[in-house]
Amino acid sequence: MTTVNLQLQQIKERAAETMEEMWVNMGPQHPSTHGVLRLLIKLDGEVVRECIPYMGYMHRCHEKIGENRSYVQIIPYTDRLDYLASMYNNWAYCLGCERLMEIQIPERAEYLRIIIGELQRIASHLIWLGTFGLDLGNFTIFMWCFREREMVLDLFEAVSGQRINYSFMRIGGLALDVPEGWLADVKAFLAWLKPRFAEYDRLSTDNVIWQKRIQGVGILKPEDAISYAASGPMLRGSGIQWDLRRDDPYGIYDRFDFDIPIGTSGDVWDRFWVRRREMEESVKIVEQGLRDIPPGPVLAPVAKKLRAPVGDIYSRVESPRGELGHYLIADGSEKPYRYKVRAPTFVNLSALPVMLPGCLVADAVAVLGSIDIVLCEVDR
Amino acid sequence: MTAEEILQQIQSRFSEEIRTAEVRRGEACLTIKGDRHFEICRFVKEELGYDYLNCLSGVDWPADEEMEVVYAVSSLKRPGKILLRVRVPRKEPFLLSVVPLWRTADWHEREAFDLFGIRFENHPDLRRILLPEDWIGYPLRKDYQDERFIAYPWDDRKPGGVPRPTSA
């Protein structure tokens, strides 16, 4: 029996269980799924009773590809995981390899990584805020957020020549130093960005429609958040102050001073508010980085053909979406024996079936949007 | 609690179940046998307080005729992780599910089942997650074959290589 028929049969069997409730497909082609995700939703009138996510439409067995490539060749593939935060994926993977091979990277590269990584976080949160506004029917904020995100992309284009898939980080540092005057451009961008938060607030935070739409919806209790291993703004929205940048520091984050915003009730509003304030914290981190950045080389002297010593490592970083982990097993050859990506949105999405029951269908869109899923990363 | 103390606690409680134990990069790494791994996981979660399952990944070791499941667990109260590796025979890759301890294991175990064919007993809903339901084989096993993995026979750059066919 084909997959489609099998699933149709399941839907029919489930529909036969009751007269009032029915199973409805949301997706795979649905604008609010931000990719191709299919949610099988059990509806009682307009209220969601149950939800079963189906994914894998973009599965390309990233991990198998990785096992057949050398350590350096994997870097461009990591761009394609979370294409809204490619720089951070590069960083996470390179950091895992550096820890495995015990490579120390130059000071300037550490600072540039933090500046670039936090700019990437701002860009990623901006695109989230914009598309989340779009989900809620607020089109203006979408345009405004994209305006500023475009500036970050321009900055990244200046350093790497690419706008989305940068492949800019290397094992041992960065591919290139930033061009002359780039740091001044970053400073100018921050000066432009800072007053914009008040503008976004006028459209979102202070907007009564926005408040009523998302307050008290899609609650994720702290104990559920831990049990489902939610991470990033999902976890912090539920009131747990945990950020790997502070609690398990990597790079040189321990030298920076920043706050970790948390929510109180774990609803969609808290997740929105955590992300919105994280952008301001990122601005603070970038400013400190610009202040302290030293001159020097950006790439450690590493061999052309990298081999890792036999062993394994689970390395994790705080990507804009949560804990991005890489589990690498090295067998002494040029290729990893096992290369596993712990995608933050894959794990965060698994908490959706506990958040949705009791919501209205229209709110399901808001709850799904608040996870900030990127399906390329979920499906890998 | 340092990594050494954690190792000691687990070792004193389950000395017979542990194959290897070491501290690497300040983290406790253990390899344990499959039969009582659920009890060890429960001990790690409930008595040592490691309530956050970061990652669960399968590994195939055809040379040892074994499959491995690696649990990376941590706590939200302190830095540091534990790596628990469980070995099961490759011919019968059965293992108790840890979903009752950490709900996040649900999708991770489905993924390990999908890509490695490891069966997790007592799992609430063990079916393929990333691949279609009618997929044959488990792609991340080292002996998985697919026509797309086979290199093209032709190589006209090398002497004696088969020339690349030209399109008519």
# chains A, B, ... in the order shown; residues from 1 in each chain; ligands from 1

$ residues_around --residues "Ala308 of chain A" --least-positions-apart "2" --cutoff "6 Å" --atoms "only C-alpha atoms" --output "MDAnalysis selection string"
chainID A and resid 101 330 332

$ write_last_selection --atoms "C-alpha atoms" --output "PDB file, in the first residue's frame"
ATOM      1  CA  MET A 101      41.047  18.462  17.187  1.00  0.00           C
ATOM      2  CA  ALA A 330      36.357  10.534  14.703  1.00  0.00           C
ATOM      3  CA  GLY A 332      41.437   9.056  12.787  1.00  0.00           C
TER       4      GLY A 332
END

$ residues_around --residues "Asp125 of chain B" --least-positions-apart "3" --cutoff "12 Å" --atoms "only C-alpha atoms" --output "list of chain:residue names"
A:Ile52, B:Ser97, B:Val99, B:Ala105, B:Asp106, B:Trp107, B:His108, B:Glu109, B:Arg110, B:Glu111, B:Phe113, B:Arg119, B:Phe120, B:Glu121, B:Asn122, B:Arg128, B:Ile129

$ closest_atom_pairs --of "chain B" --to "chain A" --cutoff "8 Å" --atoms "only C-alpha atoms" --output "JSON lines"
{"residue": "B:Asp51", "atom": "CA", "partner": "A:Ile226", "partner_atom": "CA", "distance": 7.2}
{"residue": "B:Tyr52", "atom": "CA", "partner": "A:Ala229", "partner_atom": "CA", "distance": 5.9}
{"residue": "B:Leu53", "atom": "CA", "partner": "A:Ala229", "partner_atom": "CA", "distance": 6.2}
{"residue": "B:Asn54", "atom": "CA", "partner": "A:Ala229", "partner_atom": "CA", "distance": 6.6}
{"residue": "B:Cys55", "atom": "CA", "partner": "A:Arg342", "partner_atom": "CA", "distance": 6.2}
{"residue": "B:Ser57", "atom": "CA", "partner": "A:Lys340", "partner_atom": "CA", "distance": 7.0}
{"residue": "B:Val59", "atom": "CA", "partner": "A:Arg338", "partner_atom": "CA", "distance": 6.9}
{"residue": "B:Ala72", "atom": "CA", "partner": "A:Tyr314", "partner_atom": "CA", "distance": 7.2}
{"residue": "B:Leu76", "atom": "CA", "partner": "A:Trp242", "partner_atom": "CA", "distance": 6.8}
{"residue": "B:Arg78", "atom": "CA", "partner": "A:Asp247", "partner_atom": "CA", "distance": 7.3}
{"residue": "B:Pro79", "atom": "CA", "partner": "A:Asp248", "partner_atom": "CA", "distance": 5.4}
{"residue": "B:Gly80", "atom": "CA", "partner": "A:Asp248", "partner_atom": "CA", "distance": 7.5}
{"residue": "B:Leu101", "atom": "CA", "partner": "A:Ser227", "partner_atom": "CA", "distance": 7.9}
{"residue": "B:Trp102", "atom": "CA", "partner": "A:Ser227", "partner_atom": "CA", "distance": 5.2}
{"residue": "B:Arg103", "atom": "CA", "partner": "A:Tyr228", "partner_atom": "CA", "distance": 5.2}
{"residue": "B:Thr104", "atom": "CA", "partner": "A:Tyr228", "partner_atom": "CA", "distance": 4.1}
{"residue": "B:Ala105", "atom": "CA", "partner": "A:Tyr228", "partner_atom": "CA", "distance": 7.9}
{"residue": "B:Trp107", "atom": "CA", "partner": "A:Ser350", "partner_atom": "CA", "distance": 6.9}
{"residue": "B:Ile129", "atom": "CA", "partner": "A:Met55", "partner_atom": "CA", "distance": 6.8}
{"residue": "B:Leu130", "atom": "CA", "partner": "A:Gly56", "partner_atom": "CA", "distance": 4.1}
{"residue": "B:Leu131", "atom": "CA", "partner": "A:Gly56", "partner_atom": "CA", "distance": 6.0}
{"residue": "B:Pro132", "atom": "CA", "partner": "A:Thr3", "partner_atom": "CA", "distance": 7.0}
{"residue": "B:Glu133", "atom": "CA", "partner": "A:Thr3", "partner_atom": "CA", "distance": 6.1}
{"residue": "B:Asp134", "atom": "CA", "partner": "A:Thr3", "partner_atom": "CA", "distance": 6.4}
{"residue": "B:Pro139", "atom": "CA", "partner": "A:Lys64", "partner_atom": "CA", "distance": 7.5}
{"residue": "B:Leu140", "atom": "CA", "partner": "A:Lys64", "partner_atom": "CA", "distance": 6.1}

$ residues_around --residues "segment 32-38 of chain B" --least-positions-apart "4" --cutoff "10 Å" --atoms "only C-alpha atoms" --output "number ranges by chain"
B: 14-21, 42-44, 68-69, 84-89, 93-98, 100-101

$ write_last_selection --atoms "C-alpha atoms" --output "CSV table (one decimal), in the first residue's frame"
chain,number,residue,atom,x,y,z
B,14,PHE,CA,26.3,-0.4,38.7
B,15,SER,CA,29.8,-1.7,38.6
B,16,GLU,CA,29.0,-4.9,36.6
B,17,GLU,CA,27.2,-3.0,33.8
B,18,ILE,CA,30.0,-0.7,32.9
B,19,ARG,CA,32.4,-1.5,30.2
B,20,THR,CA,34.5,1.6,30.1
B,21,ALA,CA,34.5,4.8,32.1
B,42,ARG,CA,16.8,6.6,35.7
B,43,PHE,CA,19.6,6.8,38.3
B,44,VAL,CA,21.3,9.6,36.2
B,68,GLU,CA,25.4,2.0,19.8
B,69,VAL,CA,23.0,4.5,21.2
B,84,LEU,CA,26.2,7.4,28.0
B,85,ARG,CA,27.0,5.0,25.3
B,86,VAL,CA,24.9,1.8,25.2
B,87,ARG,CA,25.9,-1.1,23.0
B,88,VAL,CA,23.4,-3.6,21.6
B,89,PRO,CA,24.0,-6.6,19.2
B,93,PRO,CA,19.1,-4.1,18.1
B,94,PHE,CA,16.5,-3.9,20.8
B,95,LEU,CA,16.7,-1.4,23.6
B,96,LEU,CA,14.3,-0.1,26.2
B,97,SER,CA,12.9,3.3,25.4
B,98,VAL,CA,13.7,6.2,27.7
B,100,PRO,CA,9.2,7.6,30.3
B,101,LEU,CA,12.2,9.5,31.7

$ residues_around --residues "segment 80-91 of chain A" --least-positions-apart "5" --cutoff "6 Å" --atoms "only C-alpha atoms" --output "MDAnalysis selection string"
chainID A and resid 117 120 124 165 169 376:377

$ atom_distance --atom1 "atom CA of Ile209 of chain A" --atom2 "atom CA of Asn138 of chain A"
9.7 Å

$ residues_around --residues "Pro28 of chain A" --least-positions-apart "5" --cutoff "6 Å" --atoms "only C-alpha atoms" --output "VMD selection string"
chain A and resid 36 to 38

$ atom_distance --atom1 "atom CA of Glu4 of chain B" --atom2 "atom CA of Ile40 of chain B"
16.6 Å
